[in-house]
Amino acid sequence: MAVTEWAIYVETRRPDGTRERCEIGAIRRDLSAPGPDDLGLRLAEAKGLLQQLQIRMIDGQIEQSAALDRRCCHCGLTRSLHDRRQRTIQTLFGTVPVCQPRLRPCPCRRSQADSSVSGGRSRRVSKLLKGRATPELVRIQAELGARLSFREAARVIDLFLPSGVGANHMTVRRRLAEIADQVEARDNASPHRISLSKGGPLIVSLDGAHIRAVPGFQTRHFEVTTGRVDAKERPTRHFAVAPNVSMSRPDTIRNALRAQGWLPDREVIVLSDGDPSLVGAVRTAVRGPVTHILDWFHISMRVRHVEQSLAGLLGSDLEHKGPLDYAAFNVDRLRHLIWNGYADEARHTLPDIMQMAANAVVLNGQQGRARIERFARLVRDLETYLGLNSSALIDYGRRYRAGLPISTSRAESTVNSLVNMRMNKRRQMRWSPKGAHRVLQVRAAVVDGRLADGQLRLTG
C-alpha cells in the first residue's frame with residue numbers, strides 16, 4: 001500500500017518569545033488505487049481541521065488574556081485564580097467549549113473595585129466571550145436568512161460549516177431579528193453621524209409591493225413601501241418599511257436621506273407612479289416641499305392602452321369609422337405632446353377624443369358599442385390620471401436627454417431585489433408586518449453593502 005499522510009500543525013508564538021507546536025489533524029490517502037474522490041481536501045476533513053484550529057486559537061487567546069489580567073496593574077503582584085467556569089461559544093467554525101477563569105482581587109485593592117476585574121471575571125476574557133455566539137456568525141446567519149428561507153439558510157450553514165454551530169431555523173430567525181434591530185438603531189443615530197455631501201438634488205424613487213399576511217391579520221395581504229435614494233458620487237441607499245411597526249414610513253425615508261447627506265433646504269426629487277401617499281410620506285420626512293415627477297412608464301402604458309384599443313376599432317368591421325379616424329389624429333399626438341412637455345395641450349385633446357367616441361356610438365348603434373365604450377373609458381382614465389398629477393408632469397424629453405431619471409424602474413428593481421426574491425414568487429411564506437420589516441431591513445443592508453467586511457456600517 002502506498003499510503004501518504006499529511007500532518008497539520010499549529011505553532012503558537014507568544015509575546016515573550018516562547019513557542020508551542022501541536023498537531024491538529026492528519027490526512028491519509030492510499031495512492032495505490034486512487035479515485036477521483038481522493039484528490040485534494042474533502043469537505044468533512046476541512047471542516048474538522050477548521051474546528052480544531054478554532055479550538056486551539058480560542059484556548060490560546062483565553063489563556064493569554066487571563067495571564068495579562070492576573071498581573072495587578074497597581075502593585076505588580078500576580079492575583080490568584082478563584083475558579084474556572086465551563087461555557088460554550090458558538091463560532092463560524094464550530095461550537096467551542098471554553099473555561100472562563102475568575103480571579104481573586106489583589107490584596108492591595110481588596111477594599112476597592114478593581115477596574116480590570118468585574119465580579120471576579122477577567123476583563124479581557126469577558127470582552128472576548130461577550131454573548132453566546134461570535135458577531136461574525138450572527139451576521140452570516142442573518143444575511144443567509146435574508147437571502148434564503150430560514151430552513152434553507154440553516155441547511156446551507158450545516159452543509160458548509162463544522163458541526164455544532166447550532167444553526168436551526170429558529171436560531172437563524174432570532175439572529176436575523178438581532179441584526180435588524182442593530183441596523184435600525186444605527187439608522188436612528190443622531191445627526192452628527194451623518195456623512196455630509198455637496199452636489200445636486202437627492203432623487204427618491206418609491207414603489208409598493210404586496211406580501212401575503214399571516215392567518216389572523218386584518219387582510220390577506222399587506223403593502224410594504226420600498227425605495228432608493230440616489231445622490232451624485234455616492235452609493236445608492238435602499239430602504240423598506242412595513243405597516244404597523246415601530247418605524248414609521250417618513251422616519252425610514254428620513255434616515256435614508258440622512259445617510260445620503262441630506263440637510264434641510266436641499267432639493268429632493270420624488271419619482272413615483274402617482275400614489276399621493278408615497279409623495280406625502282417624503283414631504284413629511286423632509287418637513288417641506290419636494291419636487292414630484294410622475295413616472296413616464298406608467299404614463300406611456302396608459303397611452304399605449306388607448307392606442308391599442310383605437311387600433312382594434314379601426315381594424316374592425318364597424319360601418320361608420322369617420323369619428324374614430326378623426327380621434328386617431330389626436331391619439332397619435334398624445335405621446336409626443338406629453339413627452340415634450342405639452343401635457344396641458346394633451347389633456348385638452350382628451351375630451352375631443354371622448355366626444356368622437358360618443359359620436360361613433362350614435363352612428364354605429366349597438367354594433368361595436370361595448371368596444372367603443374371601453375375605448376372611451378380608457379381615455380377618461382388617462383384624463384383623470386393626468387389631471388390628478390398635473391403638477392408632476394414635466395418635459396420628459398429634455399430631462400431624458402440630460403441623462404436624468406424619468407422612470408421608477410429603479411424602484412421597481414428594488415421591489416424585485418428586496419421583496420420578490422425573498423417573499424414572493426416561489427417563496428410562499430406568510431408574514432407578519434414585524435417579521436417582514438426585519439427581513440427587509442437586513443436585505444436592504446445586504447444590497448447596500450452595509451454588512452460587507454463583517455461589520456455594520458453606514459453608507460459613505
# chains A, B, ... in the order shown; residues from 1 in each chain; ligands from 1
call {"tool": "residues_around", "arguments": {"residues": "segment 279-293 of chain A", "least_positions_apart": "3", "cutoff": "12 Å", "atoms": "only C-alpha atoms", "output": "ChimeraX atom specification"}}
result
/A:201-207,225,227-229,241,248-258,262-276,296-299,386,389-396,399,404-408
call {"tool": "residues_around", "arguments": {"residues": "Arg304 of chain A", "least_positions_apart": "4", "cutoff": "12 Å", "atoms": "only C-alpha atoms", "output": "list in words"}}
result
Trp296, Phe297, His298, Ile299, Ser300, Gln308, Ser309, Leu310, Ala311, Val331, Asp332, Leu334, Arg335, Phe375, Leu378, Val379 and Leu382 of chain A
call {"tool": "select_by_dssp", "arguments": {"residues": "segment 58-260 of chain A", "states": "strand (DSSP E or B)", "output": "JSON, numbers by chain"}}
result
{"A": [71, 78, 81, 82, 83, 84, 85, 86, 87, 88, 89, 90, 91, 94, 95, 96, 97, 98, 99, 100, 101, 102, 103, 117, 118, 121, 122, 133, 202, 203, 204, 205, 206, 207, 208, 209, 210, 211, 212, 213, 221, 222, 223, 224, 225, 226, 227, 228, 229, 230, 237, 238, 239, 240, 241]}
call {"tool": "closest_residue", "arguments": {"among": "A:Arg21, A:His305, A:His169, A:Arg212", "to": "Gly60 of chain A", "atoms": "only C-alpha atoms"}}
result
A:Arg21
call {"tool": "select_by_dssp", "arguments": {"residues": "segment 73-226 of chain A", "states": "helix (DSSP H, G or I)", "output": "MDAnalysis selection string"}}
result
chainID A and resid 107:109 123:128 135:147 150:160 169:187 191:193
call {"tool": "residues_around", "arguments": {"residues": "Glu143 of chain A", "least_positions_apart": "4", "cutoff": "7 Å", "atoms": "only C-alpha atoms", "output": "PyMOL selection string"}}
result
chain A and resi 139+147+442+446
call {"tool": "write_last_selection", "arguments": {"atoms": "N, CA and C atoms", "output": "tab-separated table (two decimals), in the first residue's frame"}}
result
chain	number	residue	atom	x	y	z
A	139	ARG	N	-23.87	37.58	11.98
A	139	ARG	CA	-24.05	38.31	10.73
A	139	ARG	C	-24.24	37.37	9.55
A	147	ARG	N	-31.49	36.21	2.57
A	147	ARG	CA	-31.43	35.78	1.17
A	147	ARG	C	-32.27	34.54	0.90
A	442	VAL	N	-32.59	43.86	6.89
A	442	VAL	CA	-31.33	43.15	6.65
A	442	VAL	C	-31.07	43.02	5.16
A	446	VAL	N	-27.83	44.32	3.14
A	446	VAL	CA	-27.03	43.42	2.32
A	446	VAL	C	-26.86	43.99	0.92
call {"tool": "atom_distance", "arguments": {"atom1": "atom CA of Ala436 of chain A", "atom2": "atom CA of Ala242 of chain A"}}
result
6.9 Å
call {"tool": "closest_residue", "arguments": {"among": "A:Arg56, A:Arg369, A:Arg410, A:Arg151", "to": "Glu11 of chain A", "atoms": "only C-alpha atoms"}}
result
A:Arg56
call {"tool": "closest_residue", "arguments": {"among": "A:Gly397, A:Leu81, A:Phe239, A:Arg430", "to": "Tyr342 of chain A", "atoms": "only C-alpha atoms"}}
result
A:Gly397
call {"tool": "residues_around", "arguments": {"residues": "segment 29-38 of chain A", "least_positions_apart": "2", "cutoff": "9 Å", "atoms": "only C-alpha atoms", "output": "JSON, numbers by chain"}}
result
{"A": [1, 2, 3, 4, 5, 6, 27, 40, 41, 42]}
call {"tool": "write_last_selection", "arguments": {"atoms": "C-alpha atoms", "output": "CSV table (one decimal), in the first residue's frame"}}
result
chain,number,residue,atom,x,y,z
A,1,MET,CA,0.0,0.0,0.0
A,2,ALA,CA,1.2,3.5,-0.9
A,3,VAL,CA,-0.3,5.5,2.0
A,4,THR,CA,0.7,9.1,2.2
A,5,GLU,CA,0.0,11.2,5.3
A,6,TRP,CA,-0.2,14.9,5.7
A,27,ILE,CA,-5.0,13.4,6.4
A,40,GLY,CA,-7.3,17.1,-2.6
A,41,LEU,CA,-9.0,18.0,0.6
A,42,ARG,CA,-12.6,16.8,1.3
call {"tool": "residues_around", "arguments": {"residues": "segment 346-351 of chain A", "least_positions_apart": "6", "cutoff": "8 Å", "atoms": "only C-alpha atoms", "output": "ChimeraX atom specification"}}
result
/A:330,333-334,337-338,379-380,383,386-387
call {"tool": "write_last_selection", "arguments": {"atoms": "N, CA and C atoms", "output": "PDB file, in the first residue's frame"}}
result
ATOM      1  N   ASN A 330     -55.672  62.830 -32.999  1.00  0.00           N
ATOM      2  CA  ASN A 330     -55.290  63.322 -31.671  1.00  0.00           C
ATOM      3  C   ASN A 330     -54.604  62.249 -30.830  1.00  0.00           C
ATOM      4  N   ARG A 333     -50.973  61.995 -31.395  1.00  0.00           N
ATOM      5  CA  ARG A 333     -50.186  63.122 -30.886  1.00  0.00           C
ATOM      6  C   ARG A 333     -49.962  63.054 -29.387  1.00  0.00           C
ATOM      7  N   LEU A 334     -50.728  62.216 -28.681  1.00  0.00           N
ATOM      8  CA  LEU A 334     -50.679  62.235 -27.219  1.00  0.00           C
ATOM      9  C   LEU A 334     -49.277  61.996 -26.678  1.00  0.00           C
ATOM     10  N   LEU A 337     -46.868  64.887 -27.364  1.00  0.00           N
ATOM     11  CA  LEU A 337     -47.144  66.086 -26.577  1.00  0.00           C
ATOM     12  C   LEU A 337     -46.678  65.933 -25.134  1.00  0.00           C
ATOM     13  N   ILE A 338     -47.008  64.811 -24.497  1.00  0.00           N
ATOM     14  CA  ILE A 338     -46.623  64.618 -23.095  1.00  0.00           C
ATOM     15  C   ILE A 338     -45.111  64.511 -22.964  1.00  0.00           C
ATOM     16  N   VAL A 379     -59.713  56.397 -22.272  1.00  0.00           N
ATOM     17  CA  VAL A 379     -59.371  57.812 -22.459  1.00  0.00           C
ATOM     18  C   VAL A 379     -59.741  58.613 -21.214  1.00  0.00           C
ATOM     19  N   ARG A 380     -60.888  58.317 -20.627  1.00  0.00           N
ATOM     20  CA  ARG A 380     -61.321  59.020 -19.416  1.00  0.00           C
ATOM     21  C   ARG A 380     -60.373  58.728 -18.256  1.00  0.00           C
ATOM     22  N   GLU A 383     -57.323  60.788 -18.741  1.00  0.00           N
ATOM     23  CA  GLU A 383     -57.576  62.190 -18.407  1.00  0.00           C
ATOM     24  C   GLU A 383     -57.556  62.396 -16.895  1.00  0.00           C
ATOM     25  N   LEU A 386     -53.855  62.078 -15.579  1.00  0.00           N
ATOM     26  CA  LEU A 386     -53.040  63.259 -15.864  1.00  0.00           C
ATOM     27  C   LEU A 386     -53.531  64.464 -15.070  1.00  0.00           C
ATOM     28  N   GLY A 387     -54.851  64.567 -14.872  1.00  0.00           N
ATOM     29  CA  GLY A 387     -55.375  65.694 -14.121  1.00  0.00           C
ATOM     30  C   GLY A 387     -54.972  65.666 -12.658  1.00  0.00           C
TER      31      GLY A 387
END
call {"tool": "decode", "arguments": {"residues": "segment 354-402 of chain A", "atoms": "N, CA and C atoms", "output": "PDB file, in the first residue's frame"}}
result
ATOM      1  N   MET A 354     -63.015  61.727 -26.534  1.00  0.00           N
ATOM      2  CA  MET A 354     -64.193  61.071 -25.950  1.00  0.00           C
ATOM      3  C   MET A 354     -65.470  61.471 -26.685  1.00  0.00           C
ATOM      4  N   GLN A 355     -65.541  62.719 -27.159  1.00  0.00           N
ATOM      5  CA  GLN A 355     -66.711  63.144 -27.918  1.00  0.00           C
ATOM      6  C   GLN A 355     -66.813  62.396 -29.238  1.00  0.00           C
ATOM      7  N   MET A 356     -65.663  62.178 -29.893  1.00  0.00           N
ATOM      8  CA  MET A 356     -65.675  61.419 -31.140  1.00  0.00           C
ATOM      9  C   MET A 356     -66.100  59.966 -30.887  1.00  0.00           C
ATOM     10  N   ALA A 357     -65.700  59.418 -29.746  1.00  0.00           N
ATOM     11  CA  ALA A 357     -66.129  58.061 -29.404  1.00  0.00           C
ATOM     12  C   ALA A 357     -67.635  58.016 -29.185  1.00  0.00           C
ATOM     13  N   ALA A 358     -68.182  59.054 -28.542  1.00  0.00           N
ATOM     14  CA  ALA A 358     -69.638  59.106 -28.341  1.00  0.00           C
ATOM     15  C   ALA A 358     -70.365  59.218 -29.678  1.00  0.00           C
ATOM     16  N   ASN A 359     -69.811  60.007 -30.603  1.00  0.00           N
ATOM     17  CA  ASN A 359     -70.416  60.118 -31.935  1.00  0.00           C
ATOM     18  C   ASN A 359     -70.387  58.774 -32.660  1.00  0.00           C
ATOM     19  N   ALA A 360     -69.296  58.023 -32.482  1.00  0.00           N
ATOM     20  CA  ALA A 360     -69.198  56.714 -33.134  1.00  0.00           C
ATOM     21  C   ALA A 360     -70.252  55.756 -32.589  1.00  0.00           C
ATOM     22  N   VAL A 361     -70.559  55.866 -31.297  1.00  0.00           N
ATOM     23  CA  VAL A 361     -71.603  55.014 -30.714  1.00  0.00           C
ATOM     24  C   VAL A 361     -72.955  55.347 -31.326  1.00  0.00           C
ATOM     25  N   VAL A 362     -73.229  56.641 -31.498  1.00  0.00           N
ATOM     26  CA  VAL A 362     -74.516  57.052 -32.069  1.00  0.00           C
ATOM     27  C   VAL A 362     -74.649  56.567 -33.508  1.00  0.00           C
ATOM     28  N   LEU A 363     -73.584  56.689 -34.293  1.00  0.00           N
ATOM     29  CA  LEU A 363     -73.651  56.324 -35.705  1.00  0.00           C
ATOM     30  C   LEU A 363     -73.733  54.815 -35.917  1.00  0.00           C
ATOM     31  N   ASN A 364     -73.057  54.051 -35.058  1.00  0.00           N
ATOM     32  CA  ASN A 364     -72.997  52.603 -35.265  1.00  0.00           C
ATOM     33  C   ASN A 364     -74.040  51.835 -34.463  1.00  0.00           C
ATOM     34  N   GLY A 365     -74.724  52.502 -33.551  1.00  0.00           N
ATOM     35  CA  GLY A 365     -75.744  51.809 -32.773  1.00  0.00           C
ATOM     36  C   GLY A 365     -75.121  50.754 -31.863  1.00  0.00           C
ATOM     37  N   GLN A 366     -75.742  49.600 -31.827  1.00  0.00           N
ATOM     38  CA  GLN A 366     -75.263  48.527 -30.962  1.00  0.00           C
ATOM     39  C   GLN A 366     -74.030  47.826 -31.520  1.00  0.00           C
ATOM     40  N   GLN A 367     -73.745  48.046 -32.799  1.00  0.00           N
ATOM     41  CA  GLN A 367     -72.574  47.398 -33.402  1.00  0.00           C
ATOM     42  C   GLN A 367     -71.288  47.981 -32.804  1.00  0.00           C
ATOM     43  N   GLY A 368     -70.535  47.185 -32.112  1.00  0.00           N
ATOM     44  CA  GLY A 368     -69.267  47.626 -31.536  1.00  0.00           C
ATOM     45  C   GLY A 368     -69.413  48.574 -30.368  1.00  0.00           C
ATOM     46  N   ARG A 369     -70.620  48.684 -29.802  1.00  0.00           N
ATOM     47  CA  ARG A 369     -70.848  49.639 -28.712  1.00  0.00           C
ATOM     48  C   ARG A 369     -69.943  49.355 -27.510  1.00  0.00           C
ATOM     49  N   ALA A 370     -69.840  48.090 -27.113  1.00  0.00           N
ATOM     50  CA  ALA A 370     -69.042  47.746 -25.928  1.00  0.00           C
ATOM     51  C   ALA A 370     -67.572  48.093 -26.139  1.00  0.00           C
ATOM     52  N   ARG A 371     -67.061  47.844 -27.339  1.00  0.00           N
ATOM     53  CA  ARG A 371     -65.647  48.136 -27.600  1.00  0.00           C
ATOM     54  C   ARG A 371     -65.386  49.636 -27.645  1.00  0.00           C
ATOM     55  N   ILE A 372     -66.318  50.383 -28.224  1.00  0.00           N
ATOM     56  CA  ILE A 372     -66.136  51.838 -28.271  1.00  0.00           C
ATOM     57  C   ILE A 372     -66.213  52.432 -26.866  1.00  0.00           C
ATOM     58  N   GLU A 373     -67.137  51.941 -26.048  1.00  0.00           N
ATOM     59  CA  GLU A 373     -67.240  52.451 -24.673  1.00  0.00           C
ATOM     60  C   GLU A 373     -66.006  52.088 -23.857  1.00  0.00           C
ATOM     61  N   ARG A 374     -65.433  50.932 -24.124  1.00  0.00           N
ATOM     62  CA  ARG A 374     -64.183  50.584 -23.438  1.00  0.00           C
ATOM     63  C   ARG A 374     -63.074  51.548 -23.840  1.00  0.00           C
ATOM     64  N   PHE A 375     -63.009  51.890 -25.117  1.00  0.00           N
ATOM     65  CA  PHE A 375     -62.023  52.868 -25.580  1.00  0.00           C
ATOM     66  C   PHE A 375     -62.236  54.216 -24.892  1.00  0.00           C
ATOM     67  N   ALA A 376     -63.492  54.653 -24.800  1.00  0.00           N
ATOM     68  CA  ALA A 376     -63.783  55.928 -24.139  1.00  0.00           C
ATOM     69  C   ALA A 376     -63.416  55.879 -22.658  1.00  0.00           C
ATOM     70  N   ARG A 377     -63.628  54.731 -22.022  1.00  0.00           N
ATOM     71  CA  ARG A 377     -63.288  54.602 -20.602  1.00  0.00           C
ATOM     72  C   ARG A 377     -61.778  54.704 -20.395  1.00  0.00           C
ATOM     73  N   LEU A 378     -60.991  54.123 -21.287  1.00  0.00           N
ATOM     74  CA  LEU A 378     -59.536  54.229 -21.184  1.00  0.00           C
ATOM     75  C   LEU A 378     -59.085  55.673 -21.349  1.00  0.00           C
ATOM     76  N   VAL A 379     -59.713  56.397 -22.272  1.00  0.00           N
ATOM     77  CA  VAL A 379     -59.371  57.812 -22.459  1.00  0.00           C
ATOM     78  C   VAL A 379     -59.741  58.613 -21.214  1.00  0.00           C
ATOM     79  N   ARG A 380     -60.888  58.317 -20.627  1.00  0.00           N
ATOM     80  CA  ARG A 380     -61.321  59.020 -19.416  1.00  0.00           C
ATOM     81  C   ARG A 380     -60.373  58.728 -18.256  1.00  0.00           C
ATOM     82  N   ASP A 381     -59.931  57.490 -18.126  1.00  0.00           N
ATOM     83  CA  ASP A 381     -58.977  57.144 -17.063  1.00  0.00           C
ATOM     84  C   ASP A 381     -57.662  57.895 -17.253  1.00  0.00           C
ATOM     85  N   LEU A 382     -57.219  58.016 -18.499  1.00  0.00           N
ATOM     86  CA  LEU A 382     -55.987  58.759 -18.769  1.00  0.00           C
ATOM     87  C   LEU A 382     -56.154  60.228 -18.415  1.00  0.00           C
ATOM     88  N   GLU A 383     -57.323  60.788 -18.741  1.00  0.00           N
ATOM     89  CA  GLU A 383     -57.576  62.190 -18.407  1.00  0.00           C
ATOM     90  C   GLU A 383     -57.556  62.396 -16.895  1.00  0.00           C
ATOM     91  N   THR A 384     -58.181  61.487 -16.164  1.00  0.00           N
ATOM     92  CA  THR A 384     -58.193  61.595 -14.701  1.00  0.00           C
ATOM     93  C   THR A 384     -56.788  61.462 -14.131  1.00  0.00           C
ATOM     94  N   TYR A 385     -56.025  60.514 -14.654  1.00  0.00           N
ATOM     95  CA  TYR A 385     -54.665  60.273 -14.164  1.00  0.00           C
ATOM     96  C   TYR A 385     -53.786  61.498 -14.382  1.00  0.00           C
ATOM     97  N   LEU A 386     -53.855  62.078 -15.579  1.00  0.00           N
ATOM     98  CA  LEU A 386     -53.040  63.259 -15.864  1.00  0.00           C
ATOM     99  C   LEU A 386     -53.531  64.464 -15.070  1.00  0.00           C
ATOM    100  N   GLY A 387     -54.851  64.567 -14.872  1.00  0.00           N
ATOM    101  CA  GLY A 387     -55.375  65.694 -14.121  1.00  0.00           C
ATOM    102  C   GLY A 387     -54.972  65.666 -12.658  1.00  0.00           C
ATOM    103  N   LEU A 388     -55.001  64.489 -12.049  1.00  0.00           N
ATOM    104  CA  LEU A 388     -54.620  64.380 -10.641  1.00  0.00           C
ATOM    105  C   LEU A 388     -53.137  64.626 -10.423  1.00  0.00           C
ATOM    106  N   ASN A 389     -52.334  64.406 -11.448  1.00  0.00           N
ATOM    107  CA  ASN A 389     -50.878  64.562 -11.314  1.00  0.00           C
ATOM    108  C   ASN A 389     -50.348  65.643 -12.245  1.00  0.00           C
ATOM    109  N   SER A 390     -51.171  66.664 -12.512  1.00  0.00           N
ATOM    110  CA  SER A 390     -50.764  67.700 -13.467  1.00  0.00           C
ATOM    111  C   SER A 390     -49.508  68.435 -13.022  1.00  0.00           C
ATOM    112  N   SER A 391     -49.342  68.623 -11.709  1.00  0.00           N
ATOM    113  CA  SER A 391     -48.160  69.345 -11.223  1.00  0.00           C
ATOM    114  C   SER A 391     -46.885  68.520 -11.318  1.00  0.00           C
ATOM    115  N   ALA A 392     -47.011  67.217 -11.570  1.00  0.00           N
ATOM    116  CA  ALA A 392     -45.838  66.342 -11.643  1.00  0.00           C
ATOM    117  C   ALA A 392     -45.451  66.013 -13.078  1.00  0.00           C
ATOM    118  N   LEU A 393     -46.095  66.650 -14.056  1.00  0.00           N
ATOM    119  CA  LEU A 393     -45.771  66.415 -15.462  1.00  0.00           C
ATOM    120  C   LEU A 393     -44.716  67.412 -15.905  1.00  0.00           C
ATOM    121  N   ILE A 394     -43.667  66.927 -16.542  1.00  0.00           N
ATOM    122  CA  ILE A 394     -42.528  67.753 -16.918  1.00  0.00           C
ATOM    123  C   ILE A 394     -42.203  67.527 -18.385  1.00  0.00           C
ATOM    124  N   ASP A 395     -41.139  68.171 -18.838  1.00  0.00           N
ATOM    125  CA  ASP A 395     -40.610  67.921 -20.178  1.00  0.00           C
ATOM    126  C   ASP A 395     -39.713  66.686 -20.086  1.00  0.00           C
ATOM    127  N   TYR A 396     -40.290  65.527 -20.329  1.00  0.00           N
ATOM    128  CA  TYR A 396     -39.555  64.278 -20.164  1.00  0.00           C
ATOM    129  C   TYR A 396     -38.425  64.149 -21.174  1.00  0.00           C
ATOM    130  N   GLY A 397     -38.648  64.631 -22.384  1.00  0.00           N
ATOM    131  CA  GLY A 397     -37.613  64.533 -23.404  1.00  0.00           C
ATOM    132  C   GLY A 397     -36.355  65.285 -23.016  1.00  0.00           C
ATOM    133  N   ARG A 398     -36.518  66.507 -22.531  1.00  0.00           N
ATOM    134  CA  ARG A 398     -35.352  67.300 -22.131  1.00  0.00           C
ATOM    135  C   ARG A 398     -34.633  66.641 -20.957  1.00  0.00           C
ATOM    136  N   ARG A 399     -35.382  66.155 -19.997  1.00  0.00           N
ATOM    137  CA  ARG A 399     -34.748  65.514 -18.841  1.00  0.00           C
ATOM    138  C   ARG A 399     -34.039  64.225 -19.259  1.00  0.00           C
ATOM    139  N   TYR A 400     -34.646  63.476 -20.169  1.00  0.00           N
ATOM    140  CA  TYR A 400     -34.022  62.234 -20.640  1.00  0.00           C
ATOM    141  C   TYR A 400     -32.724  62.524 -21.390  1.00  0.00           C
ATOM    142  N   ARG A 401     -32.733  63.553 -22.243  1.00  0.00           N
ATOM    143  CA  ARG A 401     -31.515  63.901 -22.995  1.00  0.00           C
ATOM    144  C   ARG A 401     -30.414  64.412 -22.084  1.00  0.00           C
ATOM    145  N   ALA A 402     -30.789  64.926 -20.919  1.00  0.00           N
ATOM    146  CA  ALA A 402     -29.787  65.381 -19.951  1.00  0.00           C
ATOM    147  C   ALA A 402     -29.236  64.235 -19.114  1.00  0.00           C
TER     148      ALA A 402
END
